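Participant: Sharing a structure, written as structure tokens. Questions coming.
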Amino acid sequence: MARFFGWLASFVVLTVLVAAAAVAYLLHEHGRGLPDHSQLASYEPPVVTRVYAGDGRLLAEFAGEKRVFVPISAIPRHVVAAFLSAEDKGFYQHYGIDVLGIVRAAIDNVGNFYYDRRPVGASTITQQVAKNFLLGNEVSLRRKVKEAFLALRIEQALPKDRILELYLNEIYLGYGAYGVAAAALAYFNRSLDELALHEAAFLAALPKAPNNYHPVANRDAAIGRRDWVLRRMLEDRAIDEAAFAAAQAEPLQTRVRDEAVVVRADYYAEEVRREIAARYGASVLYGGGLAIRANLDPRLQSAAERSLRAGLMAYDRRHGWRGPVARLAAGPGWEQRLGVQAAPAGLGDWQVALVLAVDEPGATIGFADGRRGEIPFAEIEWARPALEGQRAGSRPRRAGDVVAVGDVVVVAQEASPGAGFPLRQIPNVEGALVAMDPHTGRVLAMVGGWSAERSVFNRATQAQRQPGSSFKPIVYVAALESGFSPVSLADDAPIVIDQGPGLPKWKPANYTTEFFGPSTLRLGIEKSRNLMTVRLARELGMDKVADFSRRFGVYDNLPLNLPMALGAGETTLMKLTTAYAMLVNGGRRVSPALIEYVQDRQGRIISRRDGRACADCRAESWEAQSAPLLADERPTVVGPISAYQMVSMLEGVVLRGTAAQVAALGIPLAGKTGTTNDYLDAWFIGFAPDLVVGVFVGFDTPKSLGEHETGSRAAVPIFMDFMREALAEARAIPFRIPPGVRLARIDPATGLPAPEGQRGSILEAFRVGSEPVSRAPRGPALDAESSGLY
């Protein structure tokens, strides 16, 4: 007997030694190279970045995963209890691994192996945190051992509540939702504190296999799994019998998430996305939980979208009907054929229809859902056939001249039931509109094209195009800053420029091909006289023109040849609009700003457009104290007197010049048209005292817009439509006159003082002391013969 007990003792000691050696080996072998678990203490899960418009409404969301982070203290107790009962009822008792659970799983897996079933696990919540955050989803014994070791280390480093918080905010629960808060919204359109018990139990049933318990596709399995969680909660005494019975009796009913109150501005949102990605990187953009306040004004943005689309449609209609989208058989089954027909990009709220019959009053059309309607001839007669060279043929006499049975066409919504569907055509031409606060550079509205669905290329910020005559104010303000006045004379006469060896002579001409002789600079800008501008640039020197174009941010390095003075270089609508903002604001530099400020996930402001310090701006209450005074730190680009003189001259463009139709709005406005050679580009940059707006129209692949499609015809109507809506409720105010300016009445044709009572005379802006006192020629003492300036 003694020998037996000696042998048994030796066996036990040997077994213990072998077990200890095995454990030591496992610790040595699998404990090496484990991920650093200490990072979990400061881990911040990826959270959606949101962009808000100026009025606080949501503009855009950017995220790699749909997740809403909620601290453990804010997660309701019944939600926590449901997950603990379903996943790890001993969570608050174990040290990272559940030994009894492992034994049970081992016994169960013997049977699973025999019946060729998938083995079950016994992972605790802590182990799942180790797997999800540090190890990945590899199925192997080695990974399970590492998972266990990591779980033990995590339990030593982090409190239980922090581990549970990480788990509940990271777990994937299907429907693209990560974390319980995102899942509550995705499945039930509820916040966590609104979840009913049976809904919390359903979410707790999902971690193992969300797709297996899809509430619609696998409804019975989903209800069964939910009820299993409720039963586990009852067994764990997390709920009582009454709560269990009531929850089990509830139907499993998901709800579509409410659409957020969203502002639609695709080009603006995309530009913000690019800027944030460039500043902070893609990982912060898509997971940093930033809150971005954009400068977008939703009312102005809506007006901008409507105005640009209306202007592009008007241009497109002038140049004719290009034919149907497609052709389909109109016989039986046409609904199905139309339903699978690819719709053209950029439809918006328009729709495609099939022409089923054509008669004298119009055309009968059908939609993919079987509905029918009419296109009255009054909504067809605009569709003259498109011809080569951006021309249009004769006006149609009947509907059959435009459409035929089997045509797939685009139509707009009926204005009222029975009014008929207007025939539409998606324009080929593109354009852009930018609206800006000239004093701050805040971009209040921006539309970069007909539709971002068709092309995300932003013609306001990315399209490099020639501005044509809309660049001329930069030349003229350089002259004003150099001692010229609005009544200085330049010769509007033919000129030949020697461009250098091997290059042909350059013979610029006016748009009208007429010559008017010596004329004031005011007339030169109002009538957009090319020859006067070339002479002026030659007198100033192209190095000075290049310097001013750089000051105003239009060009960084303008080539020093005279055609550049007529806008032959390429720039963007955003840059040119910003340059005009610096004129109307008195000559102060501003930069276009889409973003007002950026907050991190804790709500701290990490970036602000206006970085000036202002302690008084943080007052918590208003007690009749004086308003804070902030220093104007904007650098000076050009003197305020020269800036105002240029504004006054551009106001003349609207009153008497190439944009005279704008005067019909009846409010103080100014601006300049721009048209490039062969009508490739049409521009208008215009402004009120507190709002500057730029418009561009042109084809993405440059080609002629067509004969006479100037800035005044293609771009000005868009500006007018926008300003009519944007300033509808604004009080009309005149342009602000800075100190040092004296207004004197002159004859605009000559620039000389106007006799008392002369009709058509105007008030001209002079520097104090430079106003004319006689009817003698004015301006710097220049060699008239060589320069053409007087």
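Chain labels run A, B, ... following the order of the structure tokens; each chain numbers its residues from 1, and ligands are numbered from 1 in the order shown.
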Please identify the strand (DSSP E) residues within segment 142-358 of chain A (assignment by DSSP from backbone atoms) and present them as a VMD selection string.
Facilitator: chain A and resid 177 to 178 291 to 294 326 to 327 351 to 358
Participant: Write out the residues from the selection above, keeping all heavy atoms, as a short mmCIF file (atom, residue, chain, number, x, y, z; two decimals), in the first residue's frame.
Facilitator:
data_model
loop_
_atom_site.label_atom_id
_atom_site.label_comp_id
_atom_site.auth_asym_id
_atom_site.auth_seq_id
_atom_site.Cartn_x
_atom_site.Cartn_y
_atom_site.Cartn_z
N ALA A 177 -24.57 48.28 -39.34
CA ALA A 177 -24.49 49.03 -38.08
C ALA A 177 -23.44 48.42 -37.16
O ALA A 177 -23.42 47.22 -36.90
CB ALA A 177 -25.85 49.01 -37.38
N TYR A 178 -22.56 49.28 -36.66
CA TYR A 178 -21.55 48.88 -35.68
C TYR A 178 -21.91 49.53 -34.35
O TYR A 178 -22.03 50.74 -34.25
CB TYR A 178 -20.16 49.34 -36.12
CG TYR A 178 -19.62 48.58 -37.30
CD1 TYR A 178 -20.01 48.90 -38.60
CD2 TYR A 178 -18.73 47.54 -37.13
CE1 TYR A 178 -19.52 48.20 -39.70
CE2 TYR A 178 -18.23 46.83 -38.21
CZ TYR A 178 -18.63 47.17 -39.49
OH TYR A 178 -18.15 46.47 -40.57
N ALA A 291 -17.29 67.34 -36.21
CA ALA A 291 -18.49 68.12 -36.49
C ALA A 291 -18.03 69.38 -37.22
O ALA A 291 -17.26 70.17 -36.68
CB ALA A 291 -19.23 68.49 -35.21
N ILE A 292 -18.47 69.54 -38.46
CA ILE A 292 -17.99 70.62 -39.32
C ILE A 292 -19.13 71.57 -39.62
O ILE A 292 -20.17 71.16 -40.13
CB ILE A 292 -17.44 70.04 -40.64
CG1 ILE A 292 -16.31 69.03 -40.35
CG2 ILE A 292 -16.96 71.14 -41.56
CD1 ILE A 292 -16.01 68.11 -41.49
N ARG A 293 -18.94 72.82 -39.28
CA ARG A 293 -19.94 73.84 -39.61
C ARG A 293 -19.52 74.52 -40.91
O ARG A 293 -18.51 75.21 -40.97
CB ARG A 293 -20.09 74.86 -38.49
CG ARG A 293 -21.09 76.00 -38.79
CD ARG A 293 -22.48 75.49 -39.13
NE ARG A 293 -23.12 74.84 -38.03
CZ ARG A 293 -23.95 75.42 -37.18
NH1 ARG A 293 -24.26 76.69 -37.34
NH2 ARG A 293 -24.50 74.73 -36.19
N ALA A 294 -20.30 74.28 -41.95
CA ALA A 294 -20.02 74.89 -43.26
C ALA A 294 -20.70 76.25 -43.34
O ALA A 294 -21.62 76.56 -42.57
CB ALA A 294 -20.51 73.98 -44.38
N ALA A 326 -33.67 57.14 -76.36
CA ALA A 326 -33.51 55.80 -76.95
C ALA A 326 -34.77 55.50 -77.75
O ALA A 326 -35.73 56.30 -77.78
CB ALA A 326 -33.29 54.75 -75.87
N ARG A 327 -34.76 54.34 -78.39
CA ARG A 327 -35.93 53.87 -79.14
C ARG A 327 -36.29 52.48 -78.63
O ARG A 327 -35.44 51.61 -78.43
CB ARG A 327 -35.61 53.78 -80.62
CG ARG A 327 -35.36 55.11 -81.31
CD ARG A 327 -36.63 55.78 -81.79
NE ARG A 327 -37.40 54.89 -82.67
CZ ARG A 327 -38.69 55.06 -82.94
NH1 ARG A 327 -39.36 56.06 -82.41
NH2 ARG A 327 -39.30 54.22 -83.76
N GLN A 351 -38.45 62.40 -65.34
CA GLN A 351 -38.59 60.96 -65.52
C GLN A 351 -38.63 60.64 -67.01
O GLN A 351 -38.86 61.51 -67.85
CB GLN A 351 -39.85 60.45 -64.82
CG GLN A 351 -41.11 61.21 -65.16
CD GLN A 351 -42.26 60.90 -64.23
OE1 GLN A 351 -42.40 59.77 -63.77
NE2 GLN A 351 -43.09 61.88 -63.94
N VAL A 352 -38.34 59.36 -67.31
CA VAL A 352 -38.37 58.93 -68.71
C VAL A 352 -39.74 58.33 -69.02
O VAL A 352 -40.40 57.76 -68.15
CB VAL A 352 -37.26 57.91 -69.02
CG1 VAL A 352 -35.90 58.56 -68.93
CG2 VAL A 352 -37.34 56.70 -68.09
N ALA A 353 -40.16 58.48 -70.25
CA ALA A 353 -41.45 57.96 -70.70
C ALA A 353 -41.30 57.48 -72.13
O ALA A 353 -40.38 57.88 -72.86
CB ALA A 353 -42.53 59.04 -70.60
N LEU A 354 -42.25 56.63 -72.55
CA LEU A 354 -42.25 56.09 -73.91
C LEU A 354 -43.40 56.71 -74.69
O LEU A 354 -44.54 56.74 -74.20
CB LEU A 354 -42.39 54.57 -73.87
CG LEU A 354 -42.37 53.86 -75.23
CD1 LEU A 354 -41.00 53.98 -75.88
CD2 LEU A 354 -42.77 52.39 -75.06
N VAL A 355 -43.12 57.21 -75.87
CA VAL A 355 -44.17 57.77 -76.72
C VAL A 355 -44.99 56.61 -77.30
O VAL A 355 -44.46 55.76 -78.02
CB VAL A 355 -43.57 58.63 -77.85
CG1 VAL A 355 -44.68 59.14 -78.76
CG2 VAL A 355 -42.79 59.81 -77.26
N LEU A 356 -46.29 56.60 -76.97
CA LEU A 356 -47.19 55.52 -77.41
C LEU A 356 -48.04 55.93 -78.61
O LEU A 356 -48.47 55.07 -79.39
CB LEU A 356 -48.10 55.11 -76.26
CG LEU A 356 -47.39 54.63 -74.98
CD1 LEU A 356 -48.41 54.34 -73.89
CD2 LEU A 356 -46.56 53.39 -75.27
N ALA A 357 -48.30 57.21 -78.75
CA ALA A 357 -49.10 57.69 -79.88
C ALA A 357 -48.80 59.17 -80.10
O ALA A 357 -48.44 59.88 -79.16
CB ALA A 357 -50.59 57.49 -79.61
N VAL A 358 -48.93 59.61 -81.35
CA VAL A 358 -48.70 61.01 -81.70
C VAL A 358 -49.89 61.49 -82.52
O VAL A 358 -50.31 60.82 -83.47
CB VAL A 358 -47.39 61.18 -82.51
CG1 VAL A 358 -47.20 62.65 -82.89
CG2 VAL A 358 -46.19 60.67 -81.72
#
Participant: Give me, as a compact mmCIF listing (two decimals) with C-alpha atoms, in the first residue's frame, all polymer residues having an atom no more than 7 Å from Ala452 of chain A, counting only C-alpha atoms and skipping those fewer than 2 positions away in the same chain.
Facilitator:
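Saved file result01.txt follows:
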# COMPACT_ATOMS: atom_id res chain seq x y z
CA ASP A 266 -23.67 67.76 -53.58
CA TYR A 267 -20.90 69.89 -55.06
CA GLY A 449 -22.57 71.74 -62.69
CA ARG A 454 -23.82 63.07 -64.06
CA SER A 455 -20.39 64.40 -63.09
CA VAL A 456 -18.77 65.28 -59.76
Participant: Neighbours of Gly524 of chain A within 12 Å (only C-alpha atoms; same-chain residues fewer than 4 positions away dropped), as a ChimeraX atom specification?
Facilitator: /A:469,472-473,475-476,486-493,510,515-520,528-536,649-650,652-653,656-658,672,748-751,789
Participant: Figure out the distance between atom CA of Ile239 of chain A and atom CA of Asp227 of chain A, please, to one decimal in Å.
Facilitator: 12.9 Å
Participant: Give me the residues near segment 297-301 of chain A as a PyMOL selection string, where near means some atom within 10 Å (using only C-alpha atoms) and where sequence neighbours in that chain fewer than 6 positions away do not count.
Facilitator: chain A and resi 53-57+59+262-265+268+307+433-435+442-447+722-723+725-727
Participant: Using N, CA and C atoms, can you export the residues from the last selection as a PDB file, in the first residue's frame?
Facilitator:
ATOM      1  N   ALA A  53     -24.887  72.659 -42.360  1.00  0.00           N
ATOM      2  CA  ALA A  53     -25.025  73.922 -43.072  1.00  0.00           C
ATOM      3  C   ALA A  53     -25.042  75.082 -42.082  1.00  0.00           C
ATOM      4  N   GLY A  54     -25.058  76.285 -42.605  1.00  0.00           N
ATOM      5  CA  GLY A  54     -25.028  77.456 -41.751  1.00  0.00           C
ATOM      6  C   GLY A  54     -26.197  77.566 -40.803  1.00  0.00           C
ATOM      7  N   ASP A  55     -27.348  76.957 -41.152  1.00  0.00           N
ATOM      8  CA  ASP A  55     -28.516  77.015 -40.275  1.00  0.00           C
ATOM      9  C   ASP A  55     -28.605  75.809 -39.349  1.00  0.00           C
ATOM     10  N   GLY A  56     -27.582  74.962 -39.342  1.00  0.00           N
ATOM     11  CA  GLY A  56     -27.553  73.822 -38.434  1.00  0.00           C
ATOM     12  C   GLY A  56     -28.097  72.530 -39.006  1.00  0.00           C
ATOM     13  N   ARG A  57     -28.701  72.570 -40.188  1.00  0.00           N
ATOM     14  CA  ARG A  57     -29.216  71.336 -40.782  1.00  0.00           C
ATOM     15  C   ARG A  57     -28.076  70.498 -41.335  1.00  0.00           C
ATOM     16  N   LEU A  59     -25.761  68.526 -43.704  1.00  0.00           N
ATOM     17  CA  LEU A  59     -25.378  68.653 -45.107  1.00  0.00           C
ATOM     18  C   LEU A  59     -24.814  67.342 -45.648  1.00  0.00           C
ATOM     19  N   VAL A 262     -32.106  67.156 -44.183  1.00  0.00           N
ATOM     20  CA  VAL A 262     -30.832  67.307 -44.879  1.00  0.00           C
ATOM     21  C   VAL A 262     -30.925  68.405 -45.923  1.00  0.00           C
ATOM     22  N   VAL A 263     -29.859  69.172 -46.040  1.00  0.00           N
ATOM     23  CA  VAL A 263     -29.717  70.149 -47.105  1.00  0.00           C
ATOM     24  C   VAL A 263     -29.002  69.451 -48.254  1.00  0.00           C
ATOM     25  N   ARG A 264     -29.541  69.555 -49.468  1.00  0.00           N
ATOM     26  CA  ARG A 264     -28.918  68.906 -50.617  1.00  0.00           C
ATOM     27  C   ARG A 264     -28.019  69.911 -51.334  1.00  0.00           C
ATOM     28  N   ALA A 265     -26.722  69.655 -51.309  1.00  0.00           N
ATOM     29  CA  ALA A 265     -25.754  70.515 -52.000  1.00  0.00           C
ATOM     30  C   ALA A 265     -24.546  69.643 -52.309  1.00  0.00           C
ATOM     31  N   TYR A 268     -21.026  71.233 -53.061  1.00  0.00           N
ATOM     32  CA  TYR A 268     -20.498  71.902 -51.877  1.00  0.00           C
ATOM     33  C   TYR A 268     -19.978  70.862 -50.885  1.00  0.00           C
ATOM     34  N   SER A 307     -31.417  78.627 -60.400  1.00  0.00           N
ATOM     35  CA  SER A 307     -31.008  79.621 -61.396  1.00  0.00           C
ATOM     36  C   SER A 307     -30.069  79.012 -62.428  1.00  0.00           C
ATOM     37  N   LEU A 433     -21.953  78.230 -60.522  1.00  0.00           N
ATOM     38  CA  LEU A 433     -22.324  79.476 -59.838  1.00  0.00           C
ATOM     39  C   LEU A 433     -21.730  79.456 -58.441  1.00  0.00           C
ATOM     40  N   VAL A 434     -21.136  80.578 -58.049  1.00  0.00           N
ATOM     41  CA  VAL A 434     -20.582  80.747 -56.704  1.00  0.00           C
ATOM     42  C   VAL A 434     -21.144  82.032 -56.114  1.00  0.00           C
ATOM     43  N   ALA A 435     -21.603  81.969 -54.866  1.00  0.00           N
ATOM     44  CA  ALA A 435     -22.047  83.167 -54.148  1.00  0.00           C
ATOM     45  C   ALA A 435     -21.223  83.295 -52.876  1.00  0.00           C
ATOM     46  N   ARG A 442     -16.677  83.999 -46.987  1.00  0.00           N
ATOM     47  CA  ARG A 442     -17.525  82.831 -46.733  1.00  0.00           C
ATOM     48  C   ARG A 442     -18.306  82.479 -47.995  1.00  0.00           C
ATOM     49  N   VAL A 443     -18.169  81.234 -48.432  1.00  0.00           N
ATOM     50  CA  VAL A 443     -18.878  80.766 -49.619  1.00  0.00           C
ATOM     51  C   VAL A 443     -20.283  80.355 -49.188  1.00  0.00           C
ATOM     52  N   LEU A 444     -21.262  81.125 -49.611  1.00  0.00           N
ATOM     53  CA  LEU A 444     -22.639  80.940 -49.153  1.00  0.00           C
ATOM     54  C   LEU A 444     -23.410  79.950 -50.024  1.00  0.00           C
ATOM     55  N   ALA A 445     -23.001  79.798 -51.267  1.00  0.00           N
ATOM     56  CA  ALA A 445     -23.654  78.845 -52.170  1.00  0.00           C
ATOM     57  C   ALA A 445     -22.661  78.498 -53.267  1.00  0.00           C
ATOM     58  N   MET A 446     -22.748  77.264 -53.733  1.00  0.00           N
ATOM     59  CA  MET A 446     -21.876  76.844 -54.834  1.00  0.00           C
ATOM     60  C   MET A 446     -22.532  75.680 -55.565  1.00  0.00           C
ATOM     61  N   VAL A 447     -22.646  75.819 -56.861  1.00  0.00           N
ATOM     62  CA  VAL A 447     -23.133  74.746 -57.723  1.00  0.00           C
ATOM     63  C   VAL A 447     -22.075  74.525 -58.793  1.00  0.00           C
ATOM     64  N   PHE A 722     -30.734  84.535 -59.978  1.00  0.00           N
ATOM     65  CA  PHE A 722     -30.259  84.284 -58.626  1.00  0.00           C
ATOM     66  C   PHE A 722     -30.425  85.515 -57.742  1.00  0.00           C
ATOM     67  N   MET A 723     -29.984  86.670 -58.228  1.00  0.00           N
ATOM     68  CA  MET A 723     -30.055  87.884 -57.415  1.00  0.00           C
ATOM     69  C   MET A 723     -31.503  88.280 -57.131  1.00  0.00           C
ATOM     70  N   GLU A 725     -33.922  86.373 -56.504  1.00  0.00           N
ATOM     71  CA  GLU A 725     -34.389  85.569 -55.375  1.00  0.00           C
ATOM     72  C   GLU A 725     -33.557  85.832 -54.121  1.00  0.00           C
ATOM     73  N   ALA A 726     -32.250  85.943 -54.286  1.00  0.00           N
ATOM     74  CA  ALA A 726     -31.368  86.099 -53.128  1.00  0.00           C
ATOM     75  C   ALA A 726     -31.623  87.404 -52.382  1.00  0.00           C
ATOM     76  N   LEU A 727     -31.904  88.478 -53.120  1.00  0.00           N
ATOM     77  CA  LEU A 727     -32.058  89.802 -52.504  1.00  0.00           C
ATOM     78  C   LEU A 727     -33.507  90.254 -52.432  1.00  0.00           C
TER      79      LEU A 727
END
